[in-house]
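Undergrad: Next up is a structure, given as structure tokens.
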Amino acid sequence: MTSPHDRAEAPYWTLPGLAEGAWRSTALLPGTAIFSLAFGTVAAQKGLSLADAVLMNALVFAGAAQLVALEVWTNPLALGTVASIALLTAIVNARFVLMGAALRPWMGALPAWQVYPPLLLTTDATWIVGMRYRAEGKGDASIYLGAGLAIWAVWVAAVVPGYLLGAFISDPRRFGIDLMLPIFFAAMLVQIWRGPRRAIGWAVAGAVALVAAQLVAGWWFVVIGAVAGSIVGGFVDDAE
Amino acid sequence: MPSEAQFGAFAGIVAMALATYFTRVIGFWAMGHVPMTLRVRRMLETLPGAIVVAIIVPLMARAGVPGLVGIVVTFASMMLRRNEFLAVALGMGAVSLARALGL
């Protein structure tokens with residue numbers, strides 16, 4: 001019995017892989033820029049300094065969590081609020097825990113000092129570019145790093161004009177920006193399709209997530225749905 | 001000399017960063033401590049697609065008709081051309097158009 005991971009390459013690093021990773025993320029860069037512009041505008045309205053907005057984009061690099069944090073941000077920010085903002089951030093980013101777990105079969109053979117720095121660049125966009133590449137059975141971990149750096153650079157740069165020019169993207173919804181991520185993920189789903197066996201788990205993930213989204217606030221529906229689908233996938237046998 | 005207000009914002013940003021880094025590394029780390037049985041490997045193989053579907057379905061359902069239009073256009077484009085850039089552009093264009101039409 002074989003599975004894709006039996007045939008997939010062991011992880012390695014190359015210099016051209018960095019450029020290829022950046023290239024593979026280009027479809028996401030315009031949307032990332034517009035999201036960052038919009039975040040800069042909100043940050044300015046909430047009274048963050050420009051330096052703080054840039055610093056937050058550079059260090060946190062997680063758009064959805066940053067927007068949620070700004071919802072409860074106060075100026076000045078009381079130290080007592082810091083802990084609750086950190087907790088809120090971790091909750092919104094809980095899906096990264098699963099994304100990291102899914103990277104284990106690919107990057108598990110790398111030494112820790114090589115794998116944890118690129119992991120810090122994990123975003124939805126970085127991760128999906130990486131998984132799409134991995135689905136081709138190839139192992140170059142530089143793809144992940146290259147994609148992460150390209151998306152990070154755009155995310156950090158675009159917040160400046162968004163902050164300074166203010167409301168020139170007053171309604172990102174009009175351009176479909178709020179749906180960029182699910183649309184990109186839908187495109188990727190076609191690429192990582194590997195036959196109906198895994199689709200059973202995926203269908204369960206979608207159904208459970210849909211129900212969870214009605215019952216639980218925030219981003220928990222991703223975690224609940226994905227865990228349910230993954231468990232089902234673990235018990236579906238190849239031979240059928 | 002930074003004021004207390006500036007320090008509060010800085011502390012908030014660093015705390016958010018540390019919380020995010022934790023979520024980024026803990027899943028990978030934890031799976032290194034789980035025996036890689038056949039079942040576990042199949043779960044991990046199902047996981048990427050399961051995450052993707054668990055994100056798409058509720059967000060698109062929430063977006064109503066424009067979301068449905070966007071996803072159908074994206075899938076159709078991917079099936080026909082296999083070009084991600086084109087598919088995302090067409091999908092987001094379809095969402096904008098559907099919203100402009102008030103669907």
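Going through the structure tokens in order, the chains are called A, B, and so on, while each chain numbers its residues from 1 and the ligands are numbered from 1 in the order shown.
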Enumerate, in order of chain and increasing residue number, the residues of chain B with an atom no farther than 10 Å from stretch 8-30 of chain A, each with its shortest atom pair and distance in Å to one decimal, counting only C-alpha atoms, as JSON lines.
TA:
```
{"residue": "B:Asn83", "atom": "CA", "partner": "A:Ala27", "partner_atom": "CA", "distance": 9.5}
{"residue": "B:Glu84", "atom": "CA", "partner": "A:Ala27", "partner_atom": "CA", "distance": 6.6}
{"residue": "B:Phe85", "atom": "CA", "partner": "A:Ala27", "partner_atom": "CA", "distance": 4.6}
{"residue": "B:Leu86", "atom": "CA", "partner": "A:Ala27", "partner_atom": "CA", "distance": 8.2}
{"residue": "B:Ala87", "atom": "CA", "partner": "A:Ala27", "partner_atom": "CA", "distance": 9.1}
{"residue": "B:Val88", "atom": "CA", "partner": "A:Ala27", "partner_atom": "CA", "distance": 7.2}
{"residue": "B:Ala89", "atom": "CA", "partner": "A:Ala27", "partner_atom": "CA", "distance": 8.2}
```
Undergrad: At a cut-off of 7 Å, which residues of chain B touch chain A? Count only C-alpha atoms and give the answer as a PDB file with N, CA and C atoms, in the first residue's frame.
TA:
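Output contents, as saved in result_35.pdb:
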```
ATOM      1  N   ALA B   5       2.137  55.365  27.597  1.00  0.00           N
ATOM      2  CA  ALA B   5       1.175  55.001  26.555  1.00  0.00           C
ATOM      3  C   ALA B   5       1.864  54.246  25.421  1.00  0.00           C
ATOM      4  N   GLY B   8       2.675  50.754  26.477  1.00  0.00           N
ATOM      5  CA  GLY B   8       1.506  49.881  26.490  1.00  0.00           C
ATOM      6  C   GLY B   8       1.248  49.292  25.113  1.00  0.00           C
ATOM      7  N   ALA B   9       1.306  50.134  24.078  1.00  0.00           N
ATOM      8  CA  ALA B   9       1.088  49.654  22.714  1.00  0.00           C
ATOM      9  C   ALA B   9       2.171  48.664  22.317  1.00  0.00           C
ATOM     10  N   ALA B  11       3.969  46.770  24.296  1.00  0.00           N
ATOM     11  CA  ALA B  11       3.749  45.522  25.037  1.00  0.00           C
ATOM     12  C   ALA B  11       2.620  44.716  24.397  1.00  0.00           C
ATOM     13  N   GLY B  12       1.576  45.407  23.959  1.00  0.00           N
ATOM     14  CA  GLY B  12       0.464  44.716  23.316  1.00  0.00           C
ATOM     15  C   GLY B  12       0.894  44.011  22.044  1.00  0.00           C
ATOM     16  N   ILE B  13       1.712  44.706  21.249  1.00  0.00           N
ATOM     17  CA  ILE B  13       2.171  44.122  19.981  1.00  0.00           C
ATOM     18  C   ILE B  13       3.062  42.911  20.238  1.00  0.00           C
ATOM     19  N   ALA B  15       3.081  40.998  22.879  1.00  0.00           N
ATOM     20  CA  ALA B  15       2.258  39.914  23.421  1.00  0.00           C
ATOM     21  C   ALA B  15       1.487  39.211  22.312  1.00  0.00           C
ATOM     22  N   MET B  16       0.947  39.996  21.371  1.00  0.00           N
ATOM     23  CA  MET B  16       0.240  39.397  20.231  1.00  0.00           C
ATOM     24  C   MET B  16       1.182  38.539  19.389  1.00  0.00           C
ATOM     25  N   ALA B  17       2.409  39.044  19.188  1.00  0.00           N
ATOM     26  CA  ALA B  17       3.383  38.307  18.391  1.00  0.00           C
ATOM     27  C   ALA B  17       3.718  36.974  19.055  1.00  0.00           C
ATOM     28  N   ALA B  19       1.949  35.268  21.233  1.00  0.00           N
ATOM     29  CA  ALA B  19       0.781  34.380  21.181  1.00  0.00           C
ATOM     30  C   ALA B  19       0.662  33.734  19.801  1.00  0.00           C
ATOM     31  N   THR B  20       0.930  34.527  18.757  1.00  0.00           N
ATOM     32  CA  THR B  20       0.833  33.997  17.395  1.00  0.00           C
ATOM     33  C   THR B  20       1.937  32.984  17.120  1.00  0.00           C
ATOM     34  N   TYR B  21       3.162  33.293  17.561  1.00  0.00           N
ATOM     35  CA  TYR B  21       4.271  32.350  17.350  1.00  0.00           C
ATOM     36  C   TYR B  21       3.960  31.011  18.011  1.00  0.00           C
ATOM     37  N   THR B  23       1.036  29.609  18.436  1.00  0.00           N
ATOM     38  CA  THR B  23       0.115  28.807  17.616  1.00  0.00           C
ATOM     39  C   THR B  23       0.822  28.282  16.372  1.00  0.00           C
ATOM     40  N   ARG B  24       1.832  28.992  15.888  1.00  0.00           N
ATOM     41  CA  ARG B  24       2.505  28.581  14.651  1.00  0.00           C
ATOM     42  C   ARG B  24       3.420  27.379  14.853  1.00  0.00           C
ATOM     43  N   VAL B  25       3.994  27.234  16.055  1.00  0.00           N
ATOM     44  CA  VAL B  25       4.963  26.153  16.245  1.00  0.00           C
ATOM     45  C   VAL B  25       4.408  24.956  17.017  1.00  0.00           C
ATOM     46  N   ILE B  26       3.349  25.154  17.817  1.00  0.00           N
ATOM     47  CA  ILE B  26       2.976  24.105  18.772  1.00  0.00           C
ATOM     48  C   ILE B  26       2.413  22.863  18.080  1.00  0.00           C
ATOM     49  N   GLY B  27       1.680  23.057  16.975  1.00  0.00           N
ATOM     50  CA  GLY B  27       1.098  21.905  16.279  1.00  0.00           C
ATOM     51  C   GLY B  27       2.183  21.033  15.660  1.00  0.00           C
ATOM     52  N   PHE B  28       3.149  21.680  15.032  1.00  0.00           N
ATOM     53  CA  PHE B  28       4.272  20.953  14.440  1.00  0.00           C
ATOM     54  C   PHE B  28       5.054  20.219  15.528  1.00  0.00           C
ATOM     55  N   MET B  31       3.116  17.133  16.984  1.00  0.00           N
ATOM     56  CA  MET B  31       3.050  15.956  16.121  1.00  0.00           C
ATOM     57  C   MET B  31       4.377  15.197  16.093  1.00  0.00           C
ATOM     58  N   ARG B  39      -2.827   5.187  11.046  1.00  0.00           N
ATOM     59  CA  ARG B  39      -3.998   6.044  11.279  1.00  0.00           C
ATOM     60  C   ARG B  39      -3.599   7.503  11.402  1.00  0.00           C
ATOM     61  N   VAL B  40      -2.562   7.764  12.169  1.00  0.00           N
ATOM     62  CA  VAL B  40      -2.126   9.152  12.369  1.00  0.00           C
ATOM     63  C   VAL B  40      -1.681   9.747  11.041  1.00  0.00           C
ATOM     64  N   ARG B  42      -2.698   8.934   8.068  1.00  0.00           N
ATOM     65  CA  ARG B  42      -3.877   9.223   7.240  1.00  0.00           C
ATOM     66  C   ARG B  42      -4.607  10.460   7.728  1.00  0.00           C
ATOM     67  N   MET B  43      -4.638  10.629   9.045  1.00  0.00           N
ATOM     68  CA  MET B  43      -5.268  11.850   9.567  1.00  0.00           C
ATOM     69  C   MET B  43      -4.512  13.079   9.070  1.00  0.00           C
ATOM     70  N   LEU B  44      -3.195  13.022   9.135  1.00  0.00           N
ATOM     71  CA  LEU B  44      -2.401  14.173   8.697  1.00  0.00           C
ATOM     72  C   LEU B  44      -2.532  14.397   7.197  1.00  0.00           C
ATOM     73  N   THR B  46      -5.249  13.799   5.498  1.00  0.00           N
ATOM     74  CA  THR B  46      -6.577  14.385   5.279  1.00  0.00           C
ATOM     75  C   THR B  46      -6.625  15.830   5.758  1.00  0.00           C
ATOM     76  N   LEU B  47      -5.767  16.163   6.726  1.00  0.00           N
ATOM     77  CA  LEU B  47      -5.861  17.448   7.429  1.00  0.00           C
ATOM     78  C   LEU B  47      -5.793  18.685   6.527  1.00  0.00           C
ATOM     79  N   PRO B  48      -4.826  18.788   5.578  1.00  0.00           N
ATOM     80  CA  PRO B  48      -4.780  20.023   4.780  1.00  0.00           C
ATOM     81  C   PRO B  48      -6.090  20.322   4.065  1.00  0.00           C
ATOM     82  N   GLY B  49      -6.637  19.338   3.370  1.00  0.00           N
ATOM     83  CA  GLY B  49      -7.903  19.548   2.671  1.00  0.00           C
ATOM     84  C   GLY B  49      -9.041  19.825   3.641  1.00  0.00           C
ATOM     85  N   ALA B  50      -8.996  19.166   4.810  1.00  0.00           N
ATOM     86  CA  ALA B  50     -10.049  19.374   5.812  1.00  0.00           C
ATOM     87  C   ALA B  50     -10.013  20.814   6.325  1.00  0.00           C
ATOM     88  N   ILE B  51      -8.818  21.347   6.546  1.00  0.00           N
ATOM     89  CA  ILE B  51      -8.694  22.751   6.971  1.00  0.00           C
ATOM     90  C   ILE B  51      -9.257  23.668   5.891  1.00  0.00           C
ATOM     91  N   VAL B  52      -8.864  23.396   4.652  1.00  0.00           N
ATOM     92  CA  VAL B  52      -9.300  24.230   3.529  1.00  0.00           C
ATOM     93  C   VAL B  52     -10.829  24.243   3.430  1.00  0.00           C
ATOM     94  N   VAL B  53     -11.427  23.055   3.461  1.00  0.00           N
ATOM     95  CA  VAL B  53     -12.891  22.970   3.330  1.00  0.00           C
ATOM     96  C   VAL B  53     -13.580  23.612   4.535  1.00  0.00           C
ATOM     97  N   ALA B  54     -13.000  23.416   5.725  1.00  0.00           N
ATOM     98  CA  ALA B  54     -13.614  23.975   6.941  1.00  0.00           C
ATOM     99  C   ALA B  54     -13.542  25.498   6.958  1.00  0.00           C
ATOM    100  N   ILE B  55     -12.625  26.075   6.191  1.00  0.00           N
ATOM    101  CA  ILE B  55     -12.582  27.537   6.060  1.00  0.00           C
ATOM    102  C   ILE B  55     -13.562  28.002   4.988  1.00  0.00           C
ATOM    103  N   ILE B  56     -13.548  27.306   3.839  1.00  0.00           N
ATOM    104  CA  ILE B  56     -14.350  27.763   2.700  1.00  0.00           C
ATOM    105  C   ILE B  56     -15.848  27.734   3.005  1.00  0.00           C
ATOM    106  N   VAL B  57     -16.345  26.583   3.458  1.00  0.00           N
ATOM    107  CA  VAL B  57     -17.800  26.366   3.513  1.00  0.00           C
ATOM    108  C   VAL B  57     -18.523  27.393   4.396  1.00  0.00           C
ATOM    109  N   PRO B  58     -18.092  27.586   5.675  1.00  0.00           N
ATOM    110  CA  PRO B  58     -18.839  28.562   6.490  1.00  0.00           C
ATOM    111  C   PRO B  58     -18.697  29.997   5.983  1.00  0.00           C
ATOM    112  N   LEU B  59     -17.499  30.379   5.518  1.00  0.00           N
ATOM    113  CA  LEU B  59     -17.316  31.757   5.063  1.00  0.00           C
ATOM    114  C   LEU B  59     -18.164  32.036   3.834  1.00  0.00           C
ATOM    115  N   ILE B  71     -17.499  31.218  -5.699  1.00  0.00           N
ATOM    116  CA  ILE B  71     -16.892  29.900  -5.579  1.00  0.00           C
ATOM    117  C   ILE B  71     -17.119  29.078  -6.852  1.00  0.00           C
ATOM    118  N   THR B  74     -14.754  30.348  -9.479  1.00  0.00           N
ATOM    119  CA  THR B  74     -13.382  29.935  -9.176  1.00  0.00           C
ATOM    120  C   THR B  74     -13.154  28.475  -9.554  1.00  0.00           C
ATOM    121  N   PHE B  75     -14.074  27.607  -9.120  1.00  0.00           N
ATOM    122  CA  PHE B  75     -13.945  26.177  -9.457  1.00  0.00           C
ATOM    123  C   PHE B  75     -13.945  25.972 -10.971  1.00  0.00           C
ATOM    124  N   MET B  78     -10.692  26.995 -12.497  1.00  0.00           N
ATOM    125  CA  MET B  78      -9.603  26.055 -12.184  1.00  0.00           C
ATOM    126  C   MET B  78      -9.720  24.778 -13.004  1.00  0.00           C
ATOM    127  N   GLU B  84      -4.086  29.559 -11.150  1.00  0.00           N
ATOM    128  CA  GLU B  84      -4.591  30.083  -9.874  1.00  0.00           C
ATOM    129  C   GLU B  84      -4.838  31.580  -9.923  1.00  0.00           C
ATOM    130  N   PHE B  85      -3.910  32.297 -10.563  1.00  0.00           N
ATOM    131  CA  PHE B  85      -4.032  33.751 -10.609  1.00  0.00           C
ATOM    132  C   PHE B  85      -5.340  34.138 -11.299  1.00  0.00           C
ATOM    133  N   ALA B  87      -7.981  32.239 -11.727  1.00  0.00           N
ATOM    134  CA  ALA B  87      -9.148  31.765 -10.977  1.00  0.00           C
ATOM    135  C   ALA B  87      -9.497  32.712  -9.834  1.00  0.00           C
ATOM    136  N   VAL B  88      -8.467  33.184  -9.117  1.00  0.00           N
ATOM    137  CA  VAL B  88      -8.713  34.092  -7.992  1.00  0.00           C
ATOM    138  C   VAL B  88      -9.239  35.430  -8.506  1.00  0.00           C
ATOM    139  N   GLY B  91     -12.797  34.893  -9.645  1.00  0.00           N
ATOM    140  CA  GLY B  91     -13.663  34.641  -8.493  1.00  0.00           C
ATOM    141  C   GLY B  91     -13.974  35.923  -7.737  1.00  0.00           C
ATOM    142  N   MET B  92     -12.925  36.737  -7.480  1.00  0.00           N
ATOM    143  CA  MET B  92     -13.150  37.983  -6.745  1.00  0.00           C
ATOM    144  C   MET B  92     -13.905  38.987  -7.610  1.00  0.00           C
ATOM    145  N   VAL B  95     -17.497  38.085  -7.320  1.00  0.00           N
ATOM    146  CA  VAL B  95     -18.073  38.539  -6.051  1.00  0.00           C
ATOM    147  C   VAL B  95     -18.396  40.031  -6.115  1.00  0.00           C
ATOM    148  N   SER B  96     -17.425  40.831  -6.627  1.00  0.00           N
ATOM    149  CA  SER B  96     -17.644  42.281  -6.717  1.00  0.00           C
ATOM    150  C   SER B  96     -18.840  42.591  -7.584  1.00  0.00           C
TER     151      SER B  96
END
```
